[in-house]
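**Q** Here it is, the structure in full.
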Amino acid sequence: MARSTKYNPQITESKWYQYWMKHGMFHSEPDDQKEAYSIVIPPPNVTGVLHMGHMLNNTIQDILVRKARMEGKNACWVPGTDHASIATEAKVVAMLKEKGIDKKSISREAFLEYSWEWKEKYGGIILEQLKKLGASCDWDRTRFTMDKDLSEAVIQVFVDLHNKGKIYRGIRMVNWDPKGKTALSDDEVVFKEVASKLYHIAYKIEGTEETLTIATTRPETIMADVAICVHPEDPRYAHLKGKKALIPLINKSIPIIADSYVDMSFGTGCLKITPAHDINDYEIGQRHQLEVIDILNDDGTLNEKAEILIGEDRFIARKKIAKLLREAGQLPKEEEYASNVGHSERTDAIIEPRLSMQWFLKMEDITQPALRAVMDDTVRLFPPKFKNMYRSWMENVRDWCISRQLWWGHRIPAYYLPNGAHVVAASLDEAVQLANLQHNEQYTAKDLKQDEDVLDTWFSSWLWPISVFDPDFFKTGKKNKDLSYYYPTNDLVTAPEILFFWVARMIIAGYEYTGEKPFRNVYLTGIVRDKLGRKMSKSLGNSPDPLALIETYGADGVRTGMLFSSPAGNDLPFDEKLVEQGRNFSNKIWNAYRLIESWEVKESTEEANKTAIAWFESRFHQSLSELTDHFEKFRISDALMTLYKLIWDDFCSWYLEMVKPDYQKPVDQLTKMRTTRFFEELMKILHPFMPFITEELWQQVQKRAEGDALMLADWPKMKAFDASIISEAQQVFEVVSQIRNIRASKGISPKESLDMTINTQNQGIYIKFDGVIKKLANIESIRFGEKEDNALSFVAKADEVFIPIEEKIDPEQEKETLRKELEYTRGFLKAVSKKLENERFVSNAPEAVVLLEKKKMADAQAKMNALEENLKKLDQSS
């Protein structure tokens, strides 16, 4: 049956994914006879659907897992989802609103029932979508951060850290999200530059006609002012110390104080002190024992303490306050102002600094082992440039606010007693026992009230590499079989923006509870951006639908397209043309196999293509060596490009052209056998990148047993290769390419055979590749000698090649051609020399790469010498 001229991914992908699943090929169980290789998925939110960042991240994970599996390792990729407290609660609240239900009107239990119902309906969508991408996760091991046993682990850790004195409860200034109505940790705040205004407000000095002008971006908070602050050494305001000012609009009297925090050179040198709404003001207020007045409700509206505009949203109040001040003659100046404003990472609401009773984890001591682990490369970051960022964060870390004012999540296991005290315990029964023991009372369950708040989502996901394998470990302290075998995991693939949210905290938890790292390597991907450099997002409408891309171009095309321009840690400027290039690569491979499959074989013992076979054998193993180096350094994009060039250029464009038989002629047995074997080996090393087409073609090459699969085949073993034959072939390919260029420029038909004379010191190369040159360039005869009369010429490395033609050669035109080639070669030589003069490149690049660059430089120099000599001869003869 004739094979289709185009690869059809829609048929192939579903067929082979079902086959792999049917035979349990993704599943892993501990096996002491095999080396473990494990990865835990960065658990996507249950609210999520597949986006371009997921595509990139999970493609890289799948590549690493599939390669490890083929290397004979017991590969285990654990999938799962995160309950995402803030995002999920917002989705459920919105869903209830559509039904006409207000969250405040129902009980916590009823709300959680709706939440679980929502999770069951939508929570697994993204995992099903990952299957379309080809993700070879062990789906039998799928976990959810609120699974019963994982939830118990979270509670156990809270109790343990509290008992160790590392978790405490207190009133602190926190980041408040008025939209999510919850506190956030510092890491959940994203700063963005916002266009605003600087309002210059005139405060009257009590009992005088004098005023003080104070600049602020937040006039809506003036009603919460408790003091005016000046620098103690500022002579402008020395006469005002001890006096009082009046808050505009409400005429409330507040003291004028002095503190060295004030910058005399900034603005007017005066600050309004609003401790409830600014962290720096809060600290000044603490030093001067000032009152704290919070004028905002949880949702960002003004409360009764504001005295005016009660119930107005803070931003509407800002405009109205400005108008009132203007009318009162107390707003002498307004100017445009740009400032960095904190936004909620989850809801994008502008953050309010707010004093709040919250639960915190002390970070100063617990972070130290995790800091050392990355600094000494026990845990390696790729690219290493992120080490400095990591160190800066860890050395300046603040206590982690771990409580959230939500219902969906892990409820804090703190129980309040009638006397106002509290106990922390893993269950209500344990809490009752502990309360009675500590307070010598006879409390019952009815006397205790559990804390209403839940834990920060990251407080569960920081345990992920441990809890997915053994959630009971936090209770027993003893590793089960899974944890003993798979932990520490090998590689983690994630985005740089959660280096601190998640990665650092997993390392902290790993050392706190197991005494060792949770993973060996952390590969930090770039951010997928559009052509304008903007981060892709649904809100901007600049992100394509990943599933639509897969439908159009095939999963293999999308996987390769994502990697064509995504070096580790650098942003990926996504262009759909890259995915199209990935699809074209699939078709190239498909048609290469169609060609090989079509060859008839003749019975013979001849070795007609011995040189071509020897060359490609060496080229394959050279590429395999490069591939190994790229994987070791997590240069996944470079690894793909190595394969792309090997298959498209070396195998398809050169090797197949070298060995394919003439039209309707048979090929010798050895050539067909070796070419088929090469193709199989190429499919093996390409499989992690393009699993579907490679499985399809590998299964076609020869009959396979049921249950056999390329994804379980052995990764090719690296062998020594002959660098000299690779170099010689490159020389020959340059000659062939130049002859083809001459044919194109002179309009000489490819069917017209030509003669060739070569002036060379290395005749052996051309003798060895005699048949290749004659076949690929349609050369009748190859002679060795000096310059030919009336011949077109070119230089390949240091060799001069002459092609005699019948029409008269124009010497001036020939000289112009040589000059252009000489100019190009000089530029090439300069670029290579500059690279080799770069000490960083020479010290960091693989030795083979440096040697290759040195050889390029030597070849370019030799070519320049030959071109200059050729020009000299032409000048002398004209």
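FYI, nothing fancy with the structure tokens labels: chains A, B, ... in order, residues from 1 per chain, ligands from 1 as they appear.
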Mind checking which residues fall within 12 Å of Gln730 (chain A), counting only C-alpha atoms, ignoring those fewer than 4 positions away in the same chain, and posting them as a short mmCIF file (atom, residue, chain, number, x, y, z; two decimals) with all heavy atoms, in the first residue's frame?

**A**
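Saved result, around_5.cif, follows:
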```cif
data_model
loop_
_atom_site.label_atom_id
_atom_site.label_comp_id
_atom_site.auth_asym_id
_atom_site.auth_seq_id
_atom_site.Cartn_x
_atom_site.Cartn_y
_atom_site.Cartn_z
N TRP A 615 31.12 7.78 6.53
CA TRP A 615 30.98 9.19 6.94
C TRP A 615 29.78 9.38 7.86
O TRP A 615 29.91 9.98 8.93
CB TRP A 615 30.82 10.10 5.71
CG TRP A 615 30.27 11.44 6.10
CD1 TRP A 615 30.91 12.42 6.78
CD2 TRP A 615 28.93 11.92 5.89
NE1 TRP A 615 30.07 13.48 7.01
CE2 TRP A 615 28.84 13.21 6.47
CE3 TRP A 615 27.80 11.38 5.25
CZ2 TRP A 615 27.67 13.96 6.43
CZ3 TRP A 615 26.64 12.13 5.22
CH2 TRP A 615 26.57 13.41 5.81
N PHE A 616 28.61 8.86 7.47
CA PHE A 616 27.43 9.13 8.28
C PHE A 616 27.52 8.42 9.63
O PHE A 616 27.05 8.95 10.64
CB PHE A 616 26.13 8.74 7.58
CG PHE A 616 24.93 9.26 8.32
CD1 PHE A 616 24.58 10.61 8.23
CD2 PHE A 616 24.19 8.43 9.15
CE1 PHE A 616 23.50 11.11 8.95
CE2 PHE A 616 23.12 8.93 9.88
CZ PHE A 616 22.77 10.27 9.78
N ARG A 619 29.48 10.78 11.64
CA ARG A 619 28.70 12.00 11.88
C ARG A 619 27.61 11.77 12.92
O ARG A 619 27.33 12.63 13.76
CB ARG A 619 28.07 12.47 10.55
CG ARG A 619 27.33 13.77 10.66
CD ARG A 619 28.25 14.98 10.85
NE ARG A 619 27.49 16.18 11.18
CZ ARG A 619 27.22 16.58 12.42
NH1 ARG A 619 27.71 15.92 13.47
NH2 ARG A 619 26.51 17.67 12.63
N ASP A 649 19.89 18.16 7.37
CA ASP A 649 21.05 18.45 6.51
C ASP A 649 21.86 17.20 6.18
O ASP A 649 22.00 16.82 5.02
CB ASP A 649 21.97 19.48 7.18
CG ASP A 649 21.28 20.82 7.37
OD1 ASP A 649 20.29 21.09 6.67
OD2 ASP A 649 21.73 21.60 8.22
N ASP A 650 22.38 16.57 7.22
CA ASP A 650 23.33 15.48 6.99
C ASP A 650 22.67 14.22 6.42
O ASP A 650 23.17 13.63 5.47
CB ASP A 650 24.06 15.14 8.29
CG ASP A 650 24.90 16.29 8.79
OD1 ASP A 650 25.62 16.89 7.98
OD2 ASP A 650 24.83 16.62 9.99
N TRP A 654 22.27 15.22 2.39
CA TRP A 654 23.55 14.69 1.88
C TRP A 654 23.57 13.17 1.78
O TRP A 654 23.72 12.61 0.71
CB TRP A 654 24.71 15.18 2.75
CG TRP A 654 25.01 16.64 2.57
CD1 TRP A 654 24.87 17.63 3.49
CD2 TRP A 654 25.46 17.28 1.38
NE1 TRP A 654 25.21 18.85 2.96
CE2 TRP A 654 25.59 18.66 1.66
CE3 TRP A 654 25.78 16.84 0.09
CZ2 TRP A 654 26.01 19.60 0.72
CZ3 TRP A 654 26.21 17.78 -0.85
CH2 TRP A 654 26.32 19.14 -0.54
N ALA A 723 36.99 11.78 13.13
CA ALA A 723 36.84 13.21 12.87
C ALA A 723 37.37 13.60 11.50
O ALA A 723 36.87 14.54 10.88
CB ALA A 723 37.55 14.02 13.96
N SER A 724 38.35 12.85 11.01
CA SER A 724 38.96 13.20 9.72
C SER A 724 37.99 13.00 8.56
O SER A 724 37.90 13.83 7.67
CB SER A 724 40.24 12.40 9.49
OG SER A 724 39.96 11.02 9.41
N ILE A 725 37.21 11.92 8.59
CA ILE A 725 36.28 11.68 7.48
C ILE A 725 35.15 12.72 7.51
O ILE A 725 34.64 13.11 6.46
CB ILE A 725 35.72 10.23 7.50
CG1 ILE A 725 35.11 9.91 6.11
CG2 ILE A 725 34.69 10.03 8.59
CD1 ILE A 725 34.71 8.46 5.95
N ILE A 726 34.79 13.20 8.72
CA ILE A 726 33.77 14.25 8.82
C ILE A 726 34.30 15.54 8.20
O ILE A 726 33.60 16.21 7.44
CB ILE A 726 33.37 14.47 10.30
CG1 ILE A 726 32.71 13.20 10.86
CG2 ILE A 726 32.43 15.67 10.44
CD1 ILE A 726 32.49 13.23 12.35
N GLU A 734 31.39 21.28 0.32
CA GLU A 734 31.62 22.67 -0.10
C GLU A 734 31.88 22.73 -1.60
O GLU A 734 31.36 23.59 -2.31
CB GLU A 734 32.79 23.29 0.67
CG GLU A 734 32.95 24.77 0.35
CD GLU A 734 34.03 25.44 1.18
OE1 GLU A 734 34.47 24.86 2.20
OE2 GLU A 734 34.44 26.55 0.78
N VAL A 735 32.68 21.77 -2.09
CA VAL A 735 32.97 21.72 -3.54
C VAL A 735 31.69 21.48 -4.33
O VAL A 735 31.41 22.16 -5.32
CB VAL A 735 34.02 20.61 -3.83
CG1 VAL A 735 34.13 20.36 -5.33
CG2 VAL A 735 35.37 20.99 -3.25
N VAL A 736 30.89 20.51 -3.87
CA VAL A 736 29.63 20.18 -4.56
C VAL A 736 28.71 21.41 -4.58
O VAL A 736 28.10 21.74 -5.60
CB VAL A 736 28.94 18.98 -3.90
CG1 VAL A 736 27.53 18.78 -4.46
CG2 VAL A 736 29.77 17.71 -4.10
N SER A 737 28.60 22.08 -3.41
CA SER A 737 27.72 23.26 -3.32
C SER A 737 28.18 24.38 -4.26
O SER A 737 27.35 25.02 -4.92
CB SER A 737 27.70 23.79 -1.87
OG SER A 737 27.12 22.82 -1.01
N ILE A 765 41.58 12.95 -0.48
CA ILE A 765 40.17 13.26 -0.15
C ILE A 765 39.29 13.05 -1.38
O ILE A 765 38.24 12.39 -1.32
CB ILE A 765 40.02 14.71 0.33
CG1 ILE A 765 40.76 14.92 1.66
CG2 ILE A 765 38.55 15.08 0.48
CD1 ILE A 765 40.75 16.36 2.14
N TYR A 766 39.76 13.58 -2.51
CA TYR A 766 38.94 13.55 -3.73
C TYR A 766 38.92 12.17 -4.36
O TYR A 766 37.95 11.80 -5.03
CB TYR A 766 39.45 14.62 -4.70
CG TYR A 766 39.37 16.00 -4.10
CD1 TYR A 766 40.50 16.59 -3.52
CD2 TYR A 766 38.18 16.68 -4.05
CE1 TYR A 766 40.42 17.84 -2.92
CE2 TYR A 766 38.09 17.94 -3.46
CZ TYR A 766 39.22 18.52 -2.89
OH TYR A 766 39.14 19.74 -2.30
N PHE A 769 36.35 10.28 -2.14
CA PHE A 769 34.98 10.72 -2.39
C PHE A 769 34.70 10.91 -3.89
O PHE A 769 33.75 11.60 -4.25
CB PHE A 769 34.72 12.04 -1.65
CG PHE A 769 34.49 11.88 -0.17
CD1 PHE A 769 35.55 11.88 0.72
CD2 PHE A 769 33.21 11.71 0.34
CE1 PHE A 769 35.35 11.73 2.07
CE2 PHE A 769 32.99 11.57 1.70
CZ PHE A 769 34.06 11.57 2.58
N ILE A 773 31.36 12.87 -5.41
CA ILE A 773 31.43 14.14 -6.15
C ILE A 773 30.81 13.99 -7.54
O ILE A 773 30.02 14.83 -7.98
CB ILE A 773 32.89 14.62 -6.26
CG1 ILE A 773 33.46 14.92 -4.86
CG2 ILE A 773 32.99 15.87 -7.14
CD1 ILE A 773 34.95 15.12 -4.84
N ALA A 796 37.90 26.17 -2.26
CA ALA A 796 37.28 25.42 -1.17
C ALA A 796 38.37 25.15 -0.15
O ALA A 796 39.31 24.39 -0.43
CB ALA A 796 36.68 24.11 -1.67
N LYS A 797 38.26 25.80 1.00
CA LYS A 797 39.35 25.80 1.97
C LYS A 797 40.60 26.31 1.25
O LYS A 797 40.61 27.42 0.76
CB LYS A 797 39.52 24.44 2.62
CG LYS A 797 38.29 24.08 3.48
CD LYS A 797 38.46 22.87 4.34
CE LYS A 797 37.18 22.64 5.16
NZ LYS A 797 37.22 21.40 5.92
N LYS A 856 37.94 25.95 12.11
CA LYS A 856 37.30 26.90 11.20
C LYS A 856 38.22 28.09 10.92
O LYS A 856 38.31 28.57 9.79
CB LYS A 856 35.99 27.43 11.84
CG LYS A 856 34.82 26.48 11.81
CD LYS A 856 33.62 27.17 12.48
CE LYS A 856 32.44 26.24 12.60
NZ LYS A 856 31.31 26.90 13.32
N ASP A 859 41.04 26.94 8.58
CA ASP A 859 40.52 26.74 7.22
C ASP A 859 40.26 28.08 6.54
O ASP A 859 40.54 28.27 5.35
CB ASP A 859 39.21 25.93 7.27
CG ASP A 859 39.45 24.47 7.64
OD1 ASP A 859 40.60 24.02 7.53
OD2 ASP A 859 38.47 23.79 8.02
#
```

**Q** Report as a PyMOL selection string: the residues of region 327-380 of chain A with a DSSP assignment of helix (DSSP H, G or I), based on the backbone of this structure.

**A** chain A and resi 327+368-375

**Q** To one decimal in Å, tell me the separation between CA of Gln129 (chain A) and CA of Leu547 (chain A).

**A**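 A separation of 7.6 Å between them.
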
**Q** Write out as an NGL selection string the set of residues from region 287-445 of chain A that DSSP, computed on the backbone, places in strand (DSSP E or B).

**A** :A and (296 or 301-302 or 313 or 333-344 or 350 or 352-361 or 380-382 or 400-401 or 403-404 or 411 or 414-416 or 422-424)

**Q** Tell me which protein, DNA and RNA residues are within 6 Å of region 352-366 of chain A, counting only C-alpha atoms, leaving out same-chain ones fewer than 4 positions away, and put them as a PyMOL selection string.

**A** chain A and resi 166-176+276-278+399-403

**Q** Find the spatial neighbours of Asn396 (chain A), counting only C-alpha atoms, within a cut-off of 12 Å - ignore same-chain residues fewer than 5 positions away - and output them as a PyMOL selection string.

**A** chain A and resi 186+363-365+367-368+371+389-391

**Q** When you look at Asp147 (chain A) with a cut-off of 12 Å (counting only C-alpha atoms), what residues show up, excluding the ones that are within fewer than 5 positions of it in the same chain? I need them as a ChimeraX atom specification.

**A** /A:80-83,116,119,142,152-154,409-410,460,467-468,471

**Q** Using only C-alpha atoms, which of A:Glu657, A:Asp571, A:Glu334, A:Asp429 sits nearest Asn609 (chain A)?

**A** A:Glu657

**Q** Excluding Glu128 (chain A) and residues on its chain fewer than 6 positions from it, collect all residues at most 10 Å away from it, counting only C-alpha atoms, and give them as a list in words.

**A**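 The filter keeps Val49, Leu50 and Ala135 of chain A.
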
**Q** Of the residues A:Leu710, A:Met690, A:Ala555, A:Ala592, which is the one nearest to Ile11 (chain A), using only C-alpha atoms?

**A**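 Checking each of A:Leu710, A:Met690, A:Ala555, A:Ala592 against Ile11 (chain A), counting only C-alpha atoms, the winner is A:Ala555.
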
**Q** Might you pull out every residue within 8 Å of Gln330 (chain A), with only C-alpha atoms counted and same-chain residues fewer than 4 positions away left off, and present them as a short mmCIF file (atom, residue, chain, number, x, y, z; two decimals) with C-alpha atoms, in the first residue's frame?

**A**
```cif
data_model
loop_
_atom_site.label_atom_id
_atom_site.label_comp_id
_atom_site.auth_asym_id
_atom_site.auth_seq_id
_atom_site.Cartn_x
_atom_site.Cartn_y
_atom_site.Cartn_z
CA ILE A 201 -1.98 69.01 50.12
CA ALA A 202 -1.90 72.04 52.43
CA TYR A 203 -2.24 71.18 56.16
CA PRO A 248 -7.92 68.87 55.81
CA LEU A 325 -9.53 69.60 48.61
CA ARG A 326 -9.52 71.65 45.42
#
```
